[in-house]
$ cat run_36.cif   # mmCIF, N, CA and C atoms
data_final
loop_
_atom_site.group_PDB
_atom_site.id
_atom_site.type_symbol
_atom_site.label_atom_id
_atom_site.label_comp_id
_atom_site.auth_asym_id
_atom_site.auth_seq_id
_atom_site.Cartn_x
_atom_site.Cartn_y
_atom_site.Cartn_z
ATOM 1 N N MET P 9 107.758 130.580 112.587
ATOM 2 C CA MET P 9 108.314 131.809 112.046
ATOM 3 C C MET P 9 108.375 132.847 113.161
ATOM 4 N N ALA P 10 109.395 133.684 113.114
ATOM 5 C CA ALA P 10 109.576 134.721 114.123
ATOM 6 C C ALA P 10 108.442 135.735 114.072
ATOM 7 N N ALA P 11 108.231 136.418 115.193
ATOM 8 C CA ALA P 11 107.197 137.446 115.245
ATOM 9 C C ALA P 11 107.463 138.532 114.203
ATOM 10 N N HIS P 12 108.723 138.836 114.003
ATOM 11 C CA HIS P 12 109.131 139.832 113.002
ATOM 12 C C HIS P 12 110.126 139.169 112.053
ATOM 13 N N PRO P 13 109.639 138.568 110.977
ATOM 14 C CA PRO P 13 110.573 137.902 110.074
ATOM 15 C C PRO P 13 111.485 138.859 109.321
ATOM 16 N N VAL P 14 111.148 140.153 109.319
ATOM 17 C CA VAL P 14 111.996 141.156 108.666
ATOM 18 C C VAL P 14 112.464 142.131 109.741
ATOM 19 N N ILE P 15 113.783 142.286 109.859
ATOM 20 C CA ILE P 15 114.349 143.233 110.822
ATOM 21 C C ILE P 15 115.225 144.212 110.062
ATOM 22 N N VAL P 16 114.981 145.492 110.284
ATOM 23 C CA VAL P 16 115.819 146.547 109.731
ATOM 24 C C VAL P 16 116.567 147.136 110.922
ATOM 25 N N TYR P 17 117.876 146.939 110.923
ATOM 26 C CA TYR P 17 118.711 147.326 112.059
ATOM 27 C C TYR P 17 119.005 148.828 112.066
ATOM 28 N N PRO P 18 119.483 149.335 113.210
ATOM 29 C CA PRO P 18 119.818 150.768 113.284
ATOM 30 C C PRO P 18 120.864 151.156 112.249
ATOM 31 N N PRO P 19 120.896 152.435 111.897
ATOM 32 C CA PRO P 19 121.895 152.899 110.935
ATOM 33 C C PRO P 19 123.310 152.627 111.431
ATOM 34 N N SER P 20 124.170 152.234 110.508
ATOM 35 C CA SER P 20 125.581 152.034 110.843
ATOM 36 C C SER P 20 126.248 153.405 110.964
ATOM 37 N N PRO P 21 127.428 153.465 111.574
ATOM 38 C CA PRO P 21 128.122 154.759 111.713
ATOM 39 C C PRO P 21 128.373 155.464 110.379
ATOM 40 N N THR P 22 128.502 154.703 109.308
ATOM 41 C CA THR P 22 128.754 155.306 107.995
ATOM 42 C C THR P 22 127.477 155.454 107.175
ATOM 43 N N GLY P 23 126.334 155.116 107.763
ATOM 44 C CA GLY P 23 125.049 155.200 107.079
ATOM 45 C C GLY P 23 124.616 153.849 106.545
ATOM 46 N N GLY P 24 123.342 153.726 106.259
ATOM 47 C CA GLY P 24 122.779 152.474 105.787
ATOM 48 C C GLY P 24 122.348 151.590 106.945
ATOM 49 N N ARG P 25 121.422 150.690 106.662
ATOM 50 C CA ARG P 25 120.867 149.794 107.679
ATOM 51 C C ARG P 25 120.854 148.360 107.147
ATOM 52 N N ARG P 26 121.336 147.426 107.971
ATOM 53 C CA ARG P 26 121.289 146.016 107.589
ATOM 54 C C ARG P 26 119.841 145.562 107.558
ATOM 55 N N VAL P 27 119.532 144.694 106.614
ATOM 56 C CA VAL P 27 118.187 144.137 106.477
ATOM 57 C C VAL P 27 118.301 142.622 106.600
ATOM 58 N N ARG P 28 117.570 142.066 107.566
ATOM 59 C CA ARG P 28 117.566 140.624 107.798
ATOM 60 C C ARG P 28 116.162 140.095 107.534
ATOM 61 N N VAL P 29 116.090 139.008 106.771
ATOM 62 C CA VAL P 29 114.808 138.361 106.486
ATOM 63 C C VAL P 29 114.926 136.900 106.897
ATOM 64 N N VAL P 30 114.088 136.496 107.836
ATOM 65 C CA VAL P 30 114.056 135.133 108.367
ATOM 66 C C VAL P 30 115.478 134.636 108.655
ATOM 67 N N GLY P 31 116.230 135.453 109.395
ATOM 68 C CA GLY P 31 117.546 135.054 109.852
ATOM 69 C C GLY P 31 118.699 135.279 108.904
ATOM 70 N N GLU P 32 118.451 135.732 107.685
ATOM 71 C CA GLU P 32 119.518 135.937 106.711
ATOM 72 C C GLU P 32 119.667 137.422 106.381
ATOM 73 N N ILE P 33 120.899 137.927 106.513
ATOM 74 C CA ILE P 33 121.177 139.312 106.141
ATOM 75 C C ILE P 33 121.153 139.410 104.617
ATOM 76 N N LEU P 34 120.298 140.287 104.102
ATOM 77 C CA LEU P 34 120.183 140.442 102.654
ATOM 78 C C LEU P 34 121.058 141.558 102.107
ATOM 79 N N GLY P 35 121.436 142.491 102.975
ATOM 80 C CA GLY P 35 122.287 143.567 102.505
ATOM 81 C C GLY P 35 122.138 144.813 103.342
ATOM 82 N N LEU P 36 122.754 145.874 102.862
ATOM 83 C CA LEU P 36 122.740 147.170 103.517
ATOM 84 C C LEU P 36 121.864 148.108 102.706
ATOM 85 N N ALA P 37 120.802 148.582 103.335
ATOM 86 C CA ALA P 37 119.871 149.492 102.664
ATOM 87 C C ALA P 37 120.214 150.938 103.023
ATOM 88 N N PHE P 38 120.140 151.802 102.030
ATOM 89 C CA PHE P 38 120.405 153.220 102.256
ATOM 90 C C PHE P 38 119.141 154.064 102.145
ATOM 91 N N ASN P 39 118.024 153.399 101.809
ATOM 92 C CA ASN P 39 116.738 154.084 101.746
ATOM 93 C C ASN P 39 115.630 153.031 101.695
ATOM 94 N N LEU P 40 114.419 153.481 101.754
ATOM 95 C CA LEU P 40 113.271 152.585 101.780
ATOM 96 C C LEU P 40 113.164 151.763 100.495
ATOM 97 N N ALA P 41 113.514 152.359 99.374
ATOM 98 C CA ALA P 41 113.460 151.626 98.107
ATOM 99 C C ALA P 41 114.404 150.425 98.128
ATOM 100 N N ASP P 42 115.548 150.548 98.810
ATOM 101 C CA ASP P 42 116.469 149.415 98.931
ATOM 102 C C ASP P 42 115.824 148.274 99.708
ATOM 103 N N VAL P 43 115.125 148.595 100.792
ATOM 104 C CA VAL P 43 114.449 147.565 101.591
ATOM 105 C C VAL P 43 113.414 146.851 100.723
ATOM 106 N N VAL P 44 112.638 147.608 99.988
ATOM 107 C CA VAL P 44 111.630 147.020 99.094
ATOM 108 C C VAL P 44 112.299 146.083 98.097
ATOM 109 N N GLU P 45 113.404 146.495 97.523
ATOM 110 C CA GLU P 45 114.099 145.659 96.537
ATOM 111 C C GLU P 45 114.619 144.371 97.165
ATOM 112 N N PHE P 46 115.177 144.456 98.357
ATOM 113 C CA PHE P 46 115.640 143.242 99.044
ATOM 114 C C PHE P 46 114.478 142.280 99.269
ATOM 115 N N LEU P 47 113.330 142.808 99.681
ATOM 116 C CA LEU P 47 112.175 141.953 99.944
ATOM 117 C C LEU P 47 111.614 141.362 98.656
ATOM 118 N N ARG P 48 111.653 142.109 97.577
ATOM 119 C CA ARG P 48 111.225 141.567 96.283
ATOM 120 C C ARG P 48 112.133 140.415 95.858
ATOM 121 N N ARG P 49 113.434 140.598 96.041
ATOM 122 C CA ARG P 49 114.382 139.530 95.701
ATOM 123 C C ARG P 49 114.190 138.307 96.587
ATOM 124 N N ALA P 50 113.664 138.524 97.797
ATOM 125 C CA ALA P 50 113.407 137.414 98.725
ATOM 126 C C ALA P 50 112.083 136.716 98.420
ATOM 127 N N GLY P 51 111.348 137.206 97.410
ATOM 128 C CA GLY P 51 110.132 136.526 96.990
ATOM 129 C C GLY P 51 108.833 137.269 97.234
ATOM 130 N N LEU P 52 108.896 138.451 97.806
ATOM 131 C CA LEU P 52 107.686 139.247 98.039
ATOM 132 C C LEU P 52 107.492 140.193 96.849
ATOM 133 N N ASP P 53 107.082 139.619 95.732
ATOM 134 C CA ASP P 53 107.050 140.343 94.455
ATOM 135 C C ASP P 53 106.153 141.573 94.432
ATOM 136 N N THR P 54 105.063 141.565 95.174
ATOM 137 C CA THR P 54 104.103 142.664 95.072
ATOM 138 C C THR P 54 104.251 143.709 96.173
ATOM 139 N N ILE P 55 105.297 143.618 96.969
ATOM 140 C CA ILE P 55 105.464 144.549 98.087
ATOM 141 C C ILE P 55 105.866 145.932 97.572
ATOM 142 N N ASP P 56 105.416 146.960 98.265
ATOM 143 C CA ASP P 56 105.811 148.321 97.908
ATOM 144 C C ASP P 56 106.196 149.078 99.179
ATOM 145 N N GLU P 57 106.575 150.340 99.033
ATOM 146 C CA GLU P 57 107.055 151.122 100.172
ATOM 147 C C GLU P 57 106.001 151.267 101.258
ATOM 148 N N THR P 58 104.748 151.438 100.883
ATOM 149 C CA THR P 58 103.676 151.552 101.882
ATOM 150 C C THR P 58 103.556 150.257 102.675
ATOM 151 N N ASP P 59 103.625 149.124 101.991
ATOM 152 C CA ASP P 59 103.565 147.831 102.683
ATOM 153 C C ASP P 59 104.686 147.713 103.710
ATOM 154 N N VAL P 60 105.885 148.096 103.321
ATOM 155 C CA VAL P 60 107.036 147.970 104.212
ATOM 156 C C VAL P 60 106.877 148.859 105.440
ATOM 157 N N THR P 61 106.405 150.072 105.261
ATOM 158 C CA THR P 61 106.287 150.991 106.397
ATOM 159 C C THR P 61 105.127 150.638 107.320
ATOM 160 N N MET P 62 104.100 149.981 106.809
ATOM 161 C CA MET P 62 102.902 149.692 107.599
ATOM 162 C C MET P 62 102.851 148.267 108.159
ATOM 163 N N SER P 63 103.649 147.364 107.640
ATOM 164 C CA SER P 63 103.562 145.958 107.997
ATOM 165 C C SER P 63 104.018 145.692 109.423
ATOM 166 N N THR P 64 103.274 144.856 110.119
ATOM 167 C CA THR P 64 103.672 144.427 111.458
ATOM 168 C C THR P 64 104.722 143.316 111.387
ATOM 169 N N LEU P 65 105.038 142.847 110.202
ATOM 170 C CA LEU P 65 106.070 141.824 110.031
ATOM 171 C C LEU P 65 107.473 142.422 109.995
ATOM 172 N N VAL P 66 107.546 143.747 109.860
ATOM 173 C CA VAL P 66 108.838 144.436 109.800
ATOM 174 C C VAL P 66 109.099 145.103 111.140
ATOM 175 N N GLU P 67 110.244 144.791 111.721
ATOM 176 C CA GLU P 67 110.667 145.442 112.958
ATOM 177 C C GLU P 67 111.754 146.450 112.623
ATOM 178 N N TRP P 68 111.492 147.708 112.946
ATOM 179 C CA TRP P 68 112.447 148.783 112.703
ATOM 180 C C TRP P 68 113.186 149.056 114.004
ATOM 181 N N ARG P 69 114.470 148.781 114.028
ATOM 182 C CA ARG P 69 115.280 149.017 115.223
ATOM 183 C C ARG P 69 116.106 150.281 115.032
ATOM 184 N N GLY P 70 116.125 151.120 116.067
ATOM 185 C CA GLY P 70 116.941 152.328 116.002
ATOM 186 C C GLY P 70 116.346 153.421 115.146
ATOM 187 N N GLY P 71 115.042 153.430 114.985
ATOM 188 C CA GLY P 71 114.358 154.447 114.197
ATOM 189 C C GLY P 71 113.515 153.813 113.115
ATOM 190 N N GLY P 72 112.510 154.540 112.696
ATOM 191 C CA GLY P 72 111.573 154.043 111.700
ATOM 192 C C GLY P 72 112.098 154.163 110.283
ATOM 193 N N PRO P 73 111.200 154.020 109.317
ATOM 194 C CA PRO P 73 111.590 153.992 107.914
ATOM 195 C C PRO P 73 112.110 155.326 107.369
ATOM 196 N N ASP P 74 112.097 156.365 108.172
ATOM 197 C CA ASP P 74 112.607 157.655 107.724
ATOM 198 C C ASP P 74 114.013 157.952 108.271
ATOM 199 N N VAL P 75 114.608 156.987 108.991
ATOM 200 C CA VAL P 75 115.939 157.176 109.608
ATOM 201 C C VAL P 75 116.953 156.317 108.879
ATOM 202 N N TRP P 76 117.942 156.960 108.238
ATOM 203 C CA TRP P 76 118.945 156.225 107.452
ATOM 204 C C TRP P 76 120.383 156.562 107.818
ATOM 205 N N THR P 77 120.593 157.542 108.641
ATOM 206 C CA THR P 77 121.939 157.895 109.104
ATOM 207 C C THR P 77 121.925 157.977 110.622
ATOM 208 N N PRO P 78 123.094 157.754 111.247
ATOM 209 C CA PRO P 78 123.153 157.789 112.727
ATOM 210 C C PRO P 78 122.942 159.182 113.280
#
$ encode --input "run_36.cif" --output "structure tokens"
Amino acid sequence: MAAHPVIVYPPSPTGGRRVRVVGEILGLAFNLADVVEFLRRAGLDTIDETDVTMSTLVEWRGGGPDVWTP
């Protein structure tokens, strides 16, 4: 498994960030709640916003969990 199985990419020019889990793009997130929902759908049923922001399994590219627009 990759060092960071979850990657949240930099904001797109129109806003939102792609979310990739173990090599598969799950969608475009516009806020932290969207990332949590994508991860829940991927099987991480008990994950919450604190888990996402603190986890070393999530790599935030182009800004942390508080950056959603370019």
$ resolve_selection --input "run_36.cif" --expression "the PyMOL selection byres (((chain P and resi 55-66 and name CA) around 8) and name CA)" --output "ChimeraX atom specification"
/P:11-16,40-41,43-44,47-48,52-54,67-68,73
$ closest_residue --input "run_36.cif" --among "P:Gly35, P:Gly71, P:Pro78, P:Gly51" --to "Ser20 (chain P)" --atoms "only N, CA and C atoms"
P:Pro78
$ closest_residue --input "run_36.cif" --among "P:Gly23, P:Glu45, P:Val30, P:Ala50" --to "Thr77 (chain P)" --atoms "only C-alpha atoms"
P:Gly23
$ atom_distance --input "run_36.cif" --atom1 "atom N of Pro18 (chain P)" --atom2 "CA of Arg49 (chain P)"
20.7 Å
$ atom_distance --input "run_36.cif" --atom1 "atom N of Val75 (chain P)" --atom2 "atom N of Thr22 (chain P)"
14.1 Å
$ select_by_dssp --input "run_36.cif" --residues "chain P" --states "strand (DSSP E or B)" --output "list in words"
Val14, Ile15, Val16, Arg25, Arg26, Val27, Arg28, Val29, Glu32, Ile33, Leu34, Gly35, Leu36, Ala37, Val66, Glu67 and Trp68 of chain P
$ atom_distance --input "run_36.cif" --atom1 "atom N of Phe46 (chain P)" --atom2 "CA of Pro21 (chain P)"
21.3 Å
$ axis_aligned_box --input "run_36.cif" --around "region 45-58 of chain P" --padding-each-side "5 Å" --output "lines of an AutoDock Vina configuration file"
center_x = 109.6
center_y = 144.0
center_z = 98.6
size_x = 22.1
size_y = 25.0
size_z = 18.2
